[in-house]
file work34.cif (mmCIF, C-alpha atoms (C1' of nucleotides))
data_protein
#
loop_
_atom_site.label_atom_id
_atom_site.label_comp_id
_atom_site.auth_asym_id
_atom_site.auth_seq_id
_atom_site.Cartn_x
_atom_site.Cartn_y
_atom_site.Cartn_z
CA MET A 1 28.15 37.11 -20.38
CA LEU A 2 24.79 35.64 -19.53
CA CYS A 3 23.41 35.20 -16.08
CA GLU A 4 21.74 31.84 -16.15
CA LYS A 5 18.55 31.33 -14.17
CA THR A 6 19.03 28.23 -12.10
CA GLU A 7 15.56 26.99 -11.34
CA PHE A 8 15.51 23.52 -9.92
CA ALA A 9 13.25 20.84 -11.34
CA LEU A 10 13.15 17.47 -9.64
CA GLU A 11 12.00 15.71 -12.75
CA ASP A 12 15.15 16.77 -14.60
CA PHE A 13 17.45 15.86 -11.74
CA MET A 14 19.58 12.95 -12.81
CA PRO A 15 19.43 10.91 -9.62
CA TYR A 16 15.66 11.14 -9.66
CA ARG A 17 15.37 10.32 -13.34
CA LEU A 18 17.65 7.35 -12.93
CA ASN A 19 15.57 6.09 -10.07
CA ARG A 20 12.33 6.43 -11.92
CA ALA A 21 13.62 4.58 -14.96
CA ALA A 22 15.18 1.90 -12.80
CA GLU A 23 12.02 1.45 -10.77
CA ALA A 24 9.84 1.33 -13.85
CA VAL A 25 11.96 -1.33 -15.51
CA SER A 26 12.39 -3.34 -12.34
CA LEU A 27 8.69 -3.38 -11.65
CA ALA A 28 7.91 -4.36 -15.20
CA PHE A 29 10.29 -7.29 -15.00
CA ALA A 30 9.21 -8.13 -11.46
CA ARG A 31 5.70 -8.68 -12.73
CA ILE A 32 7.09 -11.60 -14.70
CA TYR A 33 9.02 -13.44 -12.02
CA LYS A 34 6.82 -12.35 -9.16
CA GLU A 35 3.36 -13.14 -10.41
CA LYS A 36 4.27 -16.18 -12.43
CA TYR A 37 6.98 -17.68 -10.25
CA GLY A 38 6.36 -16.25 -6.80
CA LEU A 39 9.86 -14.85 -6.44
CA SER A 40 10.73 -11.64 -4.65
CA ARG A 41 13.41 -9.35 -6.04
CA PRO A 42 16.10 -10.59 -3.61
CA GLU A 43 15.13 -14.15 -4.46
CA TRP A 44 15.34 -13.53 -8.17
CA ARG A 45 18.77 -11.96 -7.81
CA ALA A 46 20.14 -14.72 -5.62
CA PHE A 47 18.64 -17.28 -7.97
CA ALA A 48 20.31 -15.62 -10.94
CA ILE A 49 23.71 -15.57 -9.27
CA VAL A 50 23.61 -19.20 -8.19
CA GLY A 51 22.38 -20.23 -11.63
CA GLN A 52 25.09 -18.26 -13.32
CA PHE A 53 28.01 -19.36 -11.19
CA GLY A 54 27.03 -22.92 -10.38
CA THR A 55 28.33 -23.15 -6.86
CA VAL A 56 28.68 -20.12 -4.66
CA THR A 57 28.67 -19.05 -1.05
CA ALA A 58 26.26 -16.60 0.52
CA THR A 59 29.02 -14.04 0.78
CA GLU A 60 29.69 -14.34 -2.93
CA ILE A 61 26.02 -13.87 -3.72
CA SER A 62 26.06 -10.81 -1.56
CA ALA A 63 29.03 -9.32 -3.39
CA LYS A 64 27.82 -10.19 -6.88
CA SER A 65 24.27 -9.03 -6.34
CA THR A 66 25.03 -5.97 -4.22
CA MET A 67 22.65 -7.16 -1.55
CA ASP A 68 23.03 -7.09 2.18
CA ARG A 69 24.13 -10.33 3.86
CA THR A 70 20.87 -10.64 5.74
CA LYS A 71 18.86 -10.20 2.58
CA VAL A 72 20.83 -12.98 0.96
CA SER A 73 20.44 -15.21 3.98
CA ARG A 74 16.67 -14.89 3.89
CA ALA A 75 16.46 -15.23 0.14
CA VAL A 76 18.51 -18.41 0.29
CA PHE A 77 16.25 -19.86 2.96
CA SER A 78 13.24 -19.15 0.85
CA LEU A 79 14.74 -20.61 -2.32
CA GLU A 80 15.73 -23.67 -0.34
CA ASP A 81 12.21 -24.04 1.05
CA GLN A 82 10.83 -23.83 -2.45
CA GLY A 83 13.22 -26.55 -3.55
CA TRP A 84 15.18 -24.54 -6.11
CA LEU A 85 18.45 -24.61 -4.24
CA LYS A 86 20.37 -26.82 -1.88
CA ARG A 87 23.19 -26.11 0.52
CA SER A 88 26.05 -28.21 1.74
CA GLN A 89 28.70 -27.44 4.27
CA ASP A 90 32.12 -26.75 2.91
CA VAL A 91 34.64 -29.34 4.03
CA LYS A 92 37.63 -27.03 4.16
CA ASP A 93 35.92 -24.18 5.98
CA ARG A 94 33.01 -25.24 8.07
CA ARG A 95 31.63 -21.73 8.43
CA VAL A 96 30.90 -21.73 4.73
CA GLU A 97 27.95 -23.24 2.94
CA ASN A 98 28.16 -24.01 -0.73
CA LEU A 99 24.99 -23.29 -2.58
CA GLU A 100 23.83 -24.71 -5.86
CA LEU A 101 20.62 -25.23 -7.75
CA THR A 102 18.70 -28.45 -7.56
CA PRO A 103 17.81 -30.11 -10.88
CA GLN A 104 14.36 -28.46 -10.74
CA GLY A 105 16.07 -25.20 -9.84
CA ARG A 106 18.28 -25.54 -12.87
CA LYS A 107 15.28 -26.02 -15.10
CA LYS A 108 13.50 -23.05 -13.58
CA PHE A 109 16.66 -21.05 -14.08
CA GLU A 110 16.69 -21.80 -17.79
CA THR A 111 13.13 -20.58 -18.03
CA LEU A 112 13.86 -17.45 -16.04
CA THR A 113 16.89 -16.52 -18.07
CA LYS A 114 14.93 -16.97 -21.25
CA LEU A 115 12.38 -14.54 -19.92
CA ALA A 116 15.14 -12.17 -18.90
CA GLN A 117 16.60 -12.28 -22.37
CA LEU A 118 13.25 -11.60 -23.96
CA PHE A 119 12.86 -8.68 -21.64
CA GLU A 120 16.29 -7.37 -22.52
CA GLU A 121 15.38 -7.60 -26.19
CA GLU A 122 12.28 -5.61 -25.49
CA ILE A 123 14.46 -2.85 -24.12
CA VAL A 124 16.74 -3.04 -27.13
CA ALA A 125 13.68 -2.73 -29.33
CA VAL A 126 12.70 0.44 -27.54
CA LEU A 127 16.11 2.05 -27.58
CA GLY A 128 17.92 0.60 -30.56
CA ARG A 129 21.26 -1.16 -30.26
CA LYS A 130 23.40 1.92 -30.43
CA ASN A 131 21.54 3.85 -27.75
CA MET A 132 21.39 0.73 -25.64
CA SER A 133 25.13 0.36 -25.56
CA ASP A 134 25.61 4.09 -24.98
CA LEU A 135 23.26 3.80 -22.06
CA GLN A 136 25.13 0.81 -20.67
CA ASN A 137 28.39 2.73 -20.86
CA GLY A 138 26.88 5.72 -19.15
CA LEU A 139 25.56 3.56 -16.36
CA ILE A 140 28.89 1.85 -15.91
CA ALA A 141 30.67 5.18 -15.69
CA ILE A 142 28.19 6.46 -13.15
CA GLU A 143 28.36 3.37 -11.04
CA LYS A 144 32.12 3.40 -11.07
CA GLU A 145 32.18 7.01 -9.94
CA PHE A 146 29.58 6.89 -7.22
CA LEU A 147 29.67 3.39 -5.82
CA GLN A 148 30.54 3.66 -2.12
CA GLU A 149 32.86 6.54 -2.87
CA MET B 1 24.31 -19.53 -39.54
CA LEU B 2 25.69 -19.29 -36.08
CA CYS B 3 24.15 -20.78 -33.04
CA GLU B 4 24.63 -18.19 -30.37
CA LYS B 5 25.37 -19.29 -26.84
CA THR B 6 22.95 -17.47 -24.61
CA GLU B 7 24.60 -17.42 -21.25
CA PHE B 8 22.92 -15.18 -18.78
CA ALA B 9 24.88 -12.68 -16.72
CA LEU B 10 23.06 -10.69 -14.10
CA GLU B 11 25.62 -7.93 -14.13
CA ASP B 12 24.92 -7.26 -17.81
CA PHE B 13 21.18 -7.37 -17.39
CA MET B 14 19.81 -3.92 -18.01
CA PRO B 15 17.28 -3.77 -15.18
CA TYR B 16 19.98 -4.78 -12.74
CA ARG B 17 22.52 -2.34 -14.12
CA LEU B 18 20.02 0.47 -14.03
CA ASN B 19 19.24 -0.32 -10.44
CA ARG B 20 22.84 -0.39 -9.41
CA ALA B 21 23.62 2.92 -11.02
CA ALA B 22 20.47 4.49 -9.62
CA GLU B 23 21.19 3.22 -6.14
CA ALA B 24 24.80 4.34 -6.25
CA VAL B 25 23.88 7.86 -7.32
CA SER B 26 20.98 8.11 -4.93
CA LEU B 27 23.06 7.02 -2.00
CA ALA B 28 25.82 9.41 -2.92
CA PHE B 29 23.40 12.30 -3.01
CA ALA B 30 21.55 11.07 0.06
CA ARG B 31 24.74 11.39 2.04
CA ILE B 32 24.46 15.13 1.43
CA TYR B 33 20.87 15.76 2.44
CA LYS B 34 20.68 13.00 4.99
CA GLU B 35 23.76 13.53 7.07
CA LYS B 36 23.86 17.30 6.81
CA TYR B 37 20.16 18.07 6.85
CA GLY B 38 18.54 15.05 8.44
CA LEU B 39 16.17 14.42 5.59
CA SER B 40 15.04 11.02 4.40
CA ARG B 41 14.63 10.34 0.71
CA PRO B 42 10.84 10.76 0.76
CA GLU B 43 11.31 13.99 2.69
CA TRP B 44 13.84 15.33 0.24
CA ARG B 45 11.54 14.56 -2.68
CA ALA B 46 8.49 16.12 -1.10
CA PHE B 47 10.58 19.12 -0.11
CA ALA B 48 11.83 19.51 -3.67
CA ILE B 49 8.33 19.38 -5.11
CA VAL B 50 6.87 21.91 -2.71
CA GLY B 51 9.84 24.20 -3.22
CA GLN B 52 9.56 23.93 -6.96
CA PHE B 53 5.82 24.47 -7.29
CA GLY B 54 5.17 26.88 -4.45
CA THR B 55 1.79 25.64 -3.30
CA VAL B 56 0.72 22.05 -3.83
CA THR B 57 -1.51 19.38 -2.38
CA ALA B 58 -0.36 16.03 -1.07
CA THR B 59 -1.89 14.32 -4.07
CA GLU B 60 0.10 16.52 -6.39
CA ILE B 61 3.29 15.74 -4.54
CA SER B 62 2.45 12.10 -4.87
CA ALA B 63 1.98 12.37 -8.62
CA LYS B 64 5.02 14.55 -9.28
CA SER B 65 7.37 12.56 -7.09
CA THR B 66 6.04 9.09 -7.96
CA MET B 67 5.61 8.26 -4.31
CA ASP B 68 2.80 6.46 -2.58
CA ARG B 69 0.19 8.64 -0.86
CA THR B 70 1.09 7.29 2.54
CA LYS B 71 4.75 8.00 2.00
CA VAL B 72 3.90 11.58 1.12
CA SER B 73 1.62 11.91 4.11
CA ARG B 74 4.34 10.85 6.49
CA ALA B 75 7.01 12.94 4.79
CA VAL B 76 4.78 16.01 5.01
CA PHE B 77 4.21 15.44 8.71
CA SER B 78 7.90 15.23 9.28
CA LEU B 79 8.70 18.33 7.25
CA GLU B 80 5.99 20.19 9.12
CA ASP B 81 7.40 19.06 12.47
CA GLN B 82 10.79 20.31 11.43
CA GLY B 83 9.29 23.65 10.51
CA TRP B 84 10.11 23.62 6.81
CA LEU B 85 6.56 23.46 5.60
CA LYS B 86 3.11 24.58 6.63
CA ARG B 87 -0.32 23.40 5.66
CA SER B 88 -3.63 25.20 5.35
CA GLN B 89 -7.03 23.87 4.54
CA ASP B 90 -8.32 24.68 1.10
CA VAL B 91 -11.43 26.88 1.22
CA LYS B 92 -13.09 25.47 -1.87
CA ASP B 93 -12.50 21.80 -1.07
CA ARG B 94 -12.13 21.08 2.58
CA ARG B 95 -10.64 17.66 2.05
CA VAL B 96 -7.62 19.30 0.52
CA GLU B 97 -4.66 20.82 2.28
CA ASN B 98 -2.47 23.31 0.54
CA LEU B 99 1.16 22.92 1.36
CA GLU B 100 3.91 25.49 1.08
CA LEU B 101 7.31 26.15 2.51
CA THR B 102 7.82 28.38 5.50
CA PRO B 103 10.36 31.21 5.10
CA GLN B 104 12.99 29.00 6.76
CA GLY B 105 11.92 26.18 4.49
CA ARG B 106 12.38 28.42 1.49
CA LYS B 107 15.90 29.28 2.58
CA LYS B 108 16.74 25.65 3.17
CA PHE B 109 15.31 24.86 -0.22
CA GLU B 110 17.68 27.32 -1.90
CA THR B 111 20.58 25.64 -0.16
CA LEU B 112 19.41 22.18 -1.10
CA THR B 113 18.88 23.03 -4.74
CA LYS B 114 22.33 24.55 -4.90
CA LEU B 115 23.73 21.28 -3.60
CA ALA B 116 21.64 19.38 -6.10
CA GLN B 117 22.97 21.47 -8.92
CA LEU B 118 26.53 20.95 -7.80
CA PHE B 119 25.85 17.25 -7.69
CA GLU B 120 24.36 17.31 -11.16
CA GLU B 121 27.46 19.11 -12.41
CA GLU B 122 29.57 16.41 -10.85
CA ILE B 123 27.72 13.87 -12.95
CA VAL B 124 28.15 16.00 -16.06
CA ALA B 125 31.85 16.15 -15.29
CA VAL B 126 32.00 12.37 -15.19
CA LEU B 127 30.01 11.76 -18.34
CA GLY B 128 30.48 14.82 -20.49
CA ARG B 129 27.56 16.90 -21.77
CA LYS B 130 26.87 14.82 -24.82
CA ASN B 131 26.73 11.48 -23.03
CA MET B 132 24.73 13.07 -20.28
CA SER B 133 22.00 14.16 -22.62
CA ASP B 134 22.06 10.82 -24.44
CA LEU B 135 21.64 9.14 -21.11
CA GLN B 136 18.73 11.39 -20.19
CA ASN B 137 17.02 10.57 -23.46
CA GLY B 138 17.54 6.88 -22.96
CA LEU B 139 16.08 7.06 -19.49
CA ILE B 140 13.09 9.01 -20.70
CA ALA B 141 12.42 6.47 -23.42
CA ILE B 142 12.67 3.61 -20.96
CA GLU B 143 10.43 5.25 -18.44
CA LYS B 144 7.85 6.05 -21.05
CA GLU B 145 7.81 2.46 -22.22
CA PHE B 146 7.72 0.69 -18.89
CA LEU B 147 5.94 2.99 -16.51
CA GLN B 148 2.86 1.15 -15.20
CA GLU B 149 2.40 -0.43 -18.60
"C1'" DC C 1 -32.80 16.97 -2.86
"C1'" DT C 2 -31.10 12.34 -1.94
"C1'" DC C 3 -28.51 8.45 -2.28
"C1'" DA C 4 -24.70 6.20 -4.45
"C1'" DT C 5 -20.04 6.80 -5.87
"C1'" DA C 6 -15.47 9.01 -5.92
"C1'" DT C 7 -11.66 11.50 -3.84
"C1'" DT C 8 -8.57 13.38 -0.13
"C1'" DG C 9 -5.50 12.49 3.44
"C1'" DT C 10 -4.57 9.42 7.62
"C1'" DT C 11 -3.88 5.18 10.11
"C1'" DG C 12 -3.59 -0.07 11.37
"C1'" DC C 13 -1.30 -3.81 10.17
"C1'" DA C 14 1.59 -7.17 8.15
"C1'" DA C 15 5.66 -7.72 5.50
"C1'" DG C 16 10.33 -6.32 4.25
"C1'" DT C 17 14.66 -4.08 5.53
"C1'" DG C 18 19.33 -2.77 7.71
"C1'" DT C 19 22.17 -2.43 11.96
"C1'" DA C 20 24.10 -4.57 15.50
"C1'" DA C 21 24.87 -8.55 18.16
"C1'" DC C 22 25.76 -13.34 18.01
"C1'" DA C 23 27.82 -18.34 17.82
"C1'" DA C 24 30.82 -20.98 15.21
"C1'" DT C 25 34.91 -21.32 12.95
"C1'" DA C 26 39.26 -19.77 10.87
"C1'" DT C 27 43.59 -17.10 10.81
"C1'" DC C 28 47.18 -14.40 12.59
"C1'" DT C 29 50.63 -13.07 16.23
"C1'" DT C 30 53.76 -14.18 19.43
"C1'" DA D 1 50.17 -23.77 21.18
"C1'" DA D 2 47.29 -19.89 23.05
"C1'" DG D 3 44.97 -15.84 22.80
"C1'" DA D 4 43.59 -12.06 20.03
"C1'" DT D 5 41.35 -10.81 15.78
"C1'" DA D 6 38.64 -11.64 11.59
"C1'" DT D 7 35.07 -13.90 8.90
"C1'" DT D 8 30.78 -16.61 7.93
"C1'" DG D 9 26.01 -16.95 8.19
"C1'" DT D 10 21.88 -16.20 11.35
"C1'" DT D 11 18.86 -13.72 14.35
"C1'" DA D 12 16.70 -9.87 17.30
"C1'" DC D 13 15.04 -5.50 17.04
"C1'" DA D 14 13.66 -1.20 15.49
"C1'" DC D 15 12.37 1.22 11.45
"C1'" DT D 16 10.22 1.76 6.83
"C1'" DT D 17 6.99 0.47 3.57
"C1'" DG D 18 2.53 -0.45 0.95
"C1'" DC D 19 -2.11 -2.26 1.09
"C1'" DA D 20 -6.52 -1.97 2.81
"C1'" DA D 21 -9.73 0.29 5.62
"C1'" DC D 22 -11.30 4.62 7.24
"C1'" DA D 23 -13.64 9.36 8.13
"C1'" DA D 24 -14.53 13.51 5.95
"C1'" DT D 25 -15.93 15.75 2.07
"C1'" DA D 26 -17.24 16.36 -2.79
"C1'" DT D 27 -19.57 15.01 -7.10
"C1'" DG D 28 -22.87 12.75 -9.95
"C1'" DA D 29 -27.41 10.35 -11.21
"C1'" DG D 30 -32.10 10.23 -10.92
#

call {"tool": "encode", "arguments": {"input": "work34.cif", "output": "C-alpha cells"}}
result
Amino acid sequence: MLCEKTEFALEDFMPYRLNRAAEAVSLAFARIYKEKYGLSRPEWRAFAIVGQFGTVTATEISAKSTMDRTKVSRAVFSLEDQGWLKRSQDVKDRRVENLELTPQGRKKFETLTKLAQLFEEEIVAVLGRKNMSDLQNGLIAIEKEFLQE
Amino acid sequence: MLCEKTEFALEDFMPYRLNRAAEAVSLAFARIYKEKYGLSRPEWRAFAIVGQFGTVTATEISAKSTMDRTKVSRAVFSLEDQGWLKRSQDVKDRRVENLELTPQGRKKFETLTKLAQLFEEEIVAVLGRKNMSDLQNGLIAIEKEFLQE
DNA sequence: CTCATATTGTTGCAAGTGTAACAATATCTT
DNA sequence: AAGATATTGTTACACTTGCAACAATATGAG
C-alpha cells in the first residue's frame, strides 16, 4: 500500500484551471464584440438572449444569462441608448416590460452571431469535434452538480 | 447538399458554457474558504501560491496566479494583516519583497489544501477519472490557444 | 560614471458590481 | 373587497477592480 504525497499545486486545481480557460476564451471573444462593437460582456449576453428569443422580459434575460437583475437592467438601458433594443410595457402586467430588438439591432445581431459561430468553429478546430463534445458534456455535468447547490 | 440553419443559442456557446461551469465551481469552492476562513478569491489564490512555492515575490504571485499586480498587492496586504504571511525586503534587489507564510499561515495552508483536495475529489466523483483528465486536457488546449493571443 | 530606460510594488481614480431598499403593480387569503 | 405578501424593474451605496501614474531602485548604453 502506497502512501501518496499530496502536494498541492494551484495550476492543477480544477476550479482554477476552469477559470483560466474560461477567462482566456471570454477575453478572446470579448476583443471581437468589445473593440469592434463597443459592447460590454453583460451587454453582449443580454443582446444574445433578446436576439435569440425575440421578445423577453428583463427577468427572463436574467435567468437565461445567469446575470444579476441589476446587471441586466443596466445592460438593457445601454442597449436601448445605442438603439439596438426597444422596450414596451406589457398590457397584462404593467410591472413588466417586453424587450425586443430594433430592426438595426436585428441586423447587428445577425452579424454578432456570425462572429460567434466563427469563433466556435475556431475552438472546434483547436480541440476536434470529439473532444469538443466531451468537453461540453463535462461542463454540463459540472454545472449541474455545483450550480447554487 | 444541405443548407444548415444556423440558429444561435447562447447556452450552447462554448465561451458562455465555460464561464458558467467555471463560475459555478468557483462559487462552490469559495463558500468553503470565504465563509469559514474569511478569504476573498484573490487572497485564496495568493495564499495558495505562497504556500506552494515557499518564498515568492509579488510579481511571481501575479504571474503564477494570473492576477493583476494591484490585485496581488492588495491581497498580500490583507493576508499580512491577518497574520498568515510576512514580507521581508530582498537584500540583492531592494525593490523586491520576499513573501512567505508565517507558522500559523503554514498551518492554515495545510488545512486549506486538504479542503481543496477534498473538493477536487468531489469533482472526480462527479465526472469519473477518465472524463476528468479529458476535461483537463481540453482546458489546457483552450488556454494555450487563447491566452493573450 | 552618467543619463536614459526598465522594473518593482503601491496608490488615485473612474468604472463596474452586488446587496439591500424602493415604488409600482399583481396575487393570494380571508 | 381589503390587507398582507410577492414580484418586477430601478436606484443608492459600499465594495472591488484595472488602468495609469508614481517613487524607489536597478540595469543598460555610451

call {"tool": "calpha_fit_and_write", "arguments": {"input": "work34.cif", "fixed": "chain B", "moving": "chain A", "output": "compact mmCIF listing (two decimals) with C-alpha atoms, in the frame of the given file"}}
result
# COMPACT_ATOMS: atom_id res chain seq x y z
CA MET A 1 24.32 -18.96 -39.66
CA LEU A 2 25.75 -18.84 -36.18
CA CYS A 3 24.25 -20.44 -33.14
CA GLU A 4 24.72 -17.91 -30.41
CA LYS A 5 25.47 -19.12 -26.90
CA THR A 6 23.05 -17.39 -24.61
CA GLU A 7 24.67 -17.45 -21.21
CA PHE A 8 22.97 -15.20 -18.73
CA ALA A 9 24.93 -12.72 -16.65
CA LEU A 10 23.10 -10.71 -14.03
CA GLU A 11 25.65 -7.96 -14.08
CA ASP A 12 24.96 -7.29 -17.76
CA PHE A 13 21.20 -7.41 -17.35
CA MET A 14 19.82 -3.97 -17.99
CA PRO A 15 17.30 -3.82 -15.17
CA TYR A 16 20.00 -4.80 -12.71
CA ARG A 17 22.54 -2.38 -14.11
CA LEU A 18 20.03 0.43 -14.02
CA ASN A 19 19.24 -0.34 -10.43
CA ARG A 20 22.83 -0.42 -9.37
CA ALA A 21 23.62 2.90 -11.01
CA ALA A 22 20.47 4.46 -9.62
CA GLU A 23 21.18 3.18 -6.13
CA ALA A 24 24.78 4.31 -6.25
CA VAL A 25 23.86 7.83 -7.32
CA SER A 26 20.95 8.08 -4.92
CA LEU A 27 23.04 6.99 -1.99
CA ALA A 28 25.80 9.38 -2.90
CA PHE A 29 23.38 12.28 -3.01
CA ALA A 30 21.52 11.04 0.06
CA ARG A 31 24.71 11.38 2.04
CA ILE A 32 24.46 15.10 1.43
CA TYR A 33 20.88 15.78 2.45
CA LYS A 34 20.68 12.99 4.99
CA GLU A 35 23.77 13.53 7.07
CA LYS A 36 23.86 17.29 6.81
CA TYR A 37 20.16 18.08 6.86
CA GLY A 38 18.54 15.06 8.47
CA LEU A 39 16.16 14.44 5.58
CA SER A 40 15.03 11.04 4.40
CA ARG A 41 14.62 10.34 0.70
CA PRO A 42 10.81 10.79 0.77
CA GLU A 43 11.29 14.01 2.70
CA TRP A 44 13.83 15.33 0.24
CA ARG A 45 11.54 14.56 -2.68
CA ALA A 46 8.49 16.13 -1.10
CA PHE A 47 10.58 19.12 -0.11
CA ALA A 48 11.82 19.51 -3.67
CA ILE A 49 8.32 19.38 -5.12
CA VAL A 50 6.86 21.91 -2.71
CA GLY A 51 9.85 24.19 -3.24
CA GLN A 52 9.55 23.92 -6.97
CA PHE A 53 5.83 24.44 -7.29
CA GLY A 54 5.18 26.86 -4.45
CA THR A 55 1.81 25.62 -3.32
CA VAL A 56 0.72 22.06 -3.83
CA THR A 57 -1.52 19.40 -2.38
CA ALA A 58 -0.38 16.04 -1.06
CA THR A 59 -1.92 14.34 -4.05
CA GLU A 60 0.09 16.53 -6.38
CA ILE A 61 3.28 15.74 -4.52
CA SER A 62 2.44 12.10 -4.85
CA ALA A 63 1.96 12.36 -8.60
CA LYS A 64 5.00 14.53 -9.25
CA SER A 65 7.35 12.53 -7.08
CA THR A 66 6.03 9.07 -7.93
CA MET A 67 5.60 8.27 -4.27
CA ASP A 68 2.79 6.49 -2.54
CA ARG A 69 0.17 8.65 -0.81
CA THR A 70 1.08 7.31 2.60
CA LYS A 71 4.74 8.04 2.05
CA VAL A 72 3.87 11.60 1.16
CA SER A 73 1.59 11.95 4.14
CA ARG A 74 4.34 10.92 6.53
CA ALA A 75 6.98 12.98 4.80
CA VAL A 76 4.76 16.04 5.01
CA PHE A 77 4.19 15.49 8.72
CA SER A 78 7.88 15.27 9.29
CA LEU A 79 8.69 18.37 7.25
CA GLU A 80 5.98 20.21 9.12
CA ASP A 81 7.39 19.10 12.47
CA GLN A 82 10.80 20.33 11.42
CA GLY A 83 9.30 23.68 10.50
CA TRP A 84 10.13 23.63 6.79
CA LEU A 85 6.56 23.48 5.59
CA LYS A 86 3.13 24.62 6.62
CA ARG A 87 -0.32 23.46 5.64
CA SER A 88 -3.60 25.25 5.36
CA GLN A 89 -7.01 23.94 4.54
CA ASP A 90 -8.30 24.74 1.12
CA VAL A 91 -11.39 26.93 1.24
CA LYS A 92 -13.05 25.55 -1.86
CA ASP A 93 -12.49 21.88 -1.07
CA ARG A 94 -12.13 21.15 2.58
CA ARG A 95 -10.65 17.70 2.02
CA VAL A 96 -7.61 19.34 0.52
CA GLU A 97 -4.66 20.86 2.30
CA ASN A 98 -2.46 23.34 0.54
CA LEU A 99 1.17 22.95 1.36
CA GLU A 100 3.91 25.50 1.06
CA LEU A 101 7.32 26.17 2.49
CA THR A 102 7.83 28.40 5.47
CA PRO A 103 10.36 31.23 5.08
CA GLN A 104 13.02 29.03 6.73
CA GLY A 105 11.93 26.19 4.47
CA ARG A 106 12.39 28.42 1.47
CA LYS A 107 15.90 29.27 2.56
CA LYS A 108 16.74 25.64 3.17
CA PHE A 109 15.33 24.86 -0.24
CA GLU A 110 17.68 27.30 -1.91
CA THR A 111 20.59 25.62 -0.19
CA LEU A 112 19.40 22.16 -1.12
CA THR A 113 18.89 23.00 -4.75
CA LYS A 114 22.33 24.51 -4.92
CA LEU A 115 23.72 21.26 -3.62
CA ALA A 116 21.62 19.34 -6.10
CA GLN A 117 22.96 21.43 -8.94
CA LEU A 118 26.52 20.91 -7.83
CA PHE A 119 25.84 17.22 -7.71
CA GLU A 120 24.35 17.27 -11.18
CA GLU A 121 27.44 19.05 -12.43
CA GLU A 122 29.55 16.37 -10.89
CA ILE A 123 27.70 13.83 -12.97
CA VAL A 124 28.14 15.93 -16.08
CA ALA A 125 31.84 16.09 -15.32
CA VAL A 126 31.98 12.32 -15.21
CA LEU A 127 29.99 11.70 -18.35
CA GLY A 128 30.46 14.76 -20.51
CA ARG A 129 27.55 16.82 -21.79
CA LYS A 130 26.85 14.75 -24.84
CA ASN A 131 26.72 11.41 -23.04
CA MET A 132 24.70 13.00 -20.29
CA SER A 133 21.97 14.08 -22.64
CA ASP A 134 22.05 10.73 -24.45
CA LEU A 135 21.62 9.06 -21.11
CA GLN A 136 18.72 11.32 -20.20
CA ASN A 137 17.00 10.48 -23.47
CA GLY A 138 17.53 6.79 -22.95
CA LEU A 139 16.06 6.99 -19.48
CA ILE A 140 13.07 8.93 -20.70
CA ALA A 141 12.40 6.38 -23.41
CA ILE A 142 12.66 3.53 -20.95
CA GLU A 143 10.43 5.17 -18.43
CA LYS A 144 7.84 5.96 -21.04
CA GLU A 145 7.81 2.36 -22.21
CA PHE A 146 7.73 0.59 -18.89
CA LEU A 147 5.94 2.90 -16.50
CA GLN A 148 2.86 1.06 -15.22
CA GLU A 149 2.39 -0.53 -18.62

call {"tool": "residues_around", "arguments": {"input": "work34.cif", "residues": "D:DG30", "least_positions_apart": "6", "cutoff": "12 Å", "atoms": "all atoms listed in the file", "output": "ChimeraX atom specification"}}
result
/C:1-4

call {"tool": "resolve_selection", "arguments": {"input": "work34.cif", "expression": "the PyMOL selection byres ((chain C and resi 18) around 12)", "output": "list in words"}}
result
Met67, Asp68, Arg69, Thr70 and Lys71 of chain A; DG16, DT17, DT19 and DA20 of chain C; DC13, DA14, DC15 and DT16 of chain D

call {"tool": "closest_residue", "arguments": {"input": "work34.cif", "among": "B:Ala21, B:Thr111, B:Tyr37, B:Glu7", "to": "chain A", "atoms": "only C-alpha atoms"}}
result
B:Ala21

call {"tool": "closest_atom_pairs", "arguments": {"input": "work34.cif", "of": "chain B", "to": "chain D", "cutoff": "12 Å", "atoms": "only C-alpha atoms (C1' of nucleotides)", "output": "Markdown table"}}
result
| residue | atom | partner | partner_atom | distance |
| --- | --- | --- | --- | --- |
| B:Ser40 | CA | D:DT16 | C1' | 10.7 |
| B:Arg41 | CA | D:DT16 | C1' | 11.4 |
| B:Pro42 | CA | D:DT16 | C1' | 10.9 |
| B:Met67 | CA | D:DG18 | C1' | 10.6 |
| B:Asp68 | CA | D:DG18 | C1' | 7.8 |
| B:Arg69 | CA | D:DG18 | C1' | 9.6 |
| B:Thr70 | CA | D:DG18 | C1' | 8.0 |
| B:Lys71 | CA | D:DT17 | C1' | 8.0 |
| B:Val72 | CA | D:DT17 | C1' | 11.8 |
| B:Arg74 | CA | D:DT16 | C1' | 10.8 |
| B:Ala75 | CA | D:DT16 | C1' | 11.8 |
| B:Asp90 | CA | D:DT25 | C1' | 11.8 |
| B:Lys92 | CA | D:DA26 | C1' | 10.1 |
| B:Asp93 | CA | D:DA26 | C1' | 7.4 |
| B:Arg94 | CA | D:DT25 | C1' | 6.6 |
| B:Arg95 | CA | D:DT25 | C1' | 5.6 |
| B:Val96 | CA | D:DT25 | C1' | 9.2 |

call {"tool": "resolve_selection", "arguments": {"input": "work34.cif", "expression": "the PyMOL selection byres ((chain C) within 12 of (chain B))", "output": "list in words"}}
result
DT7, DT8, DG9, DT10 and DT11 of chain C

call {"tool": "interface_residues", "arguments": {"input": "work34.cif", "of": "chain B", "to": "chain A", "cutoff": "9 Å", "atoms": "all atoms listed in the file", "output": "PyMOL selection string"}}
result
chain B and resi 6-29+45+48-49+51-52+64-66+113-114+116-117+120+123+126-127+131-132+134-136+138-149

call {"tool": "closest_residue", "arguments": {"input": "work34.cif", "among": "A:Leu99, A:Arg106, A:Gly38, A:Arg31", "to": "A:Phe77", "atoms": "all atoms listed in the file"}}
result
A:Leu99

call {"tool": "atom_distance", "arguments": {"input": "work34.cif", "atom1": "atom CA of B:Gln82", "atom2": "atom CA of B:Lys107"}}
result
13.6 Å

call {"tool": "atom_distance", "arguments": {"input": "work34.cif", "atom1": "atom CA of A:Gly83", "atom2": "atom CA of A:Leu101"}}
result
8.6 Å
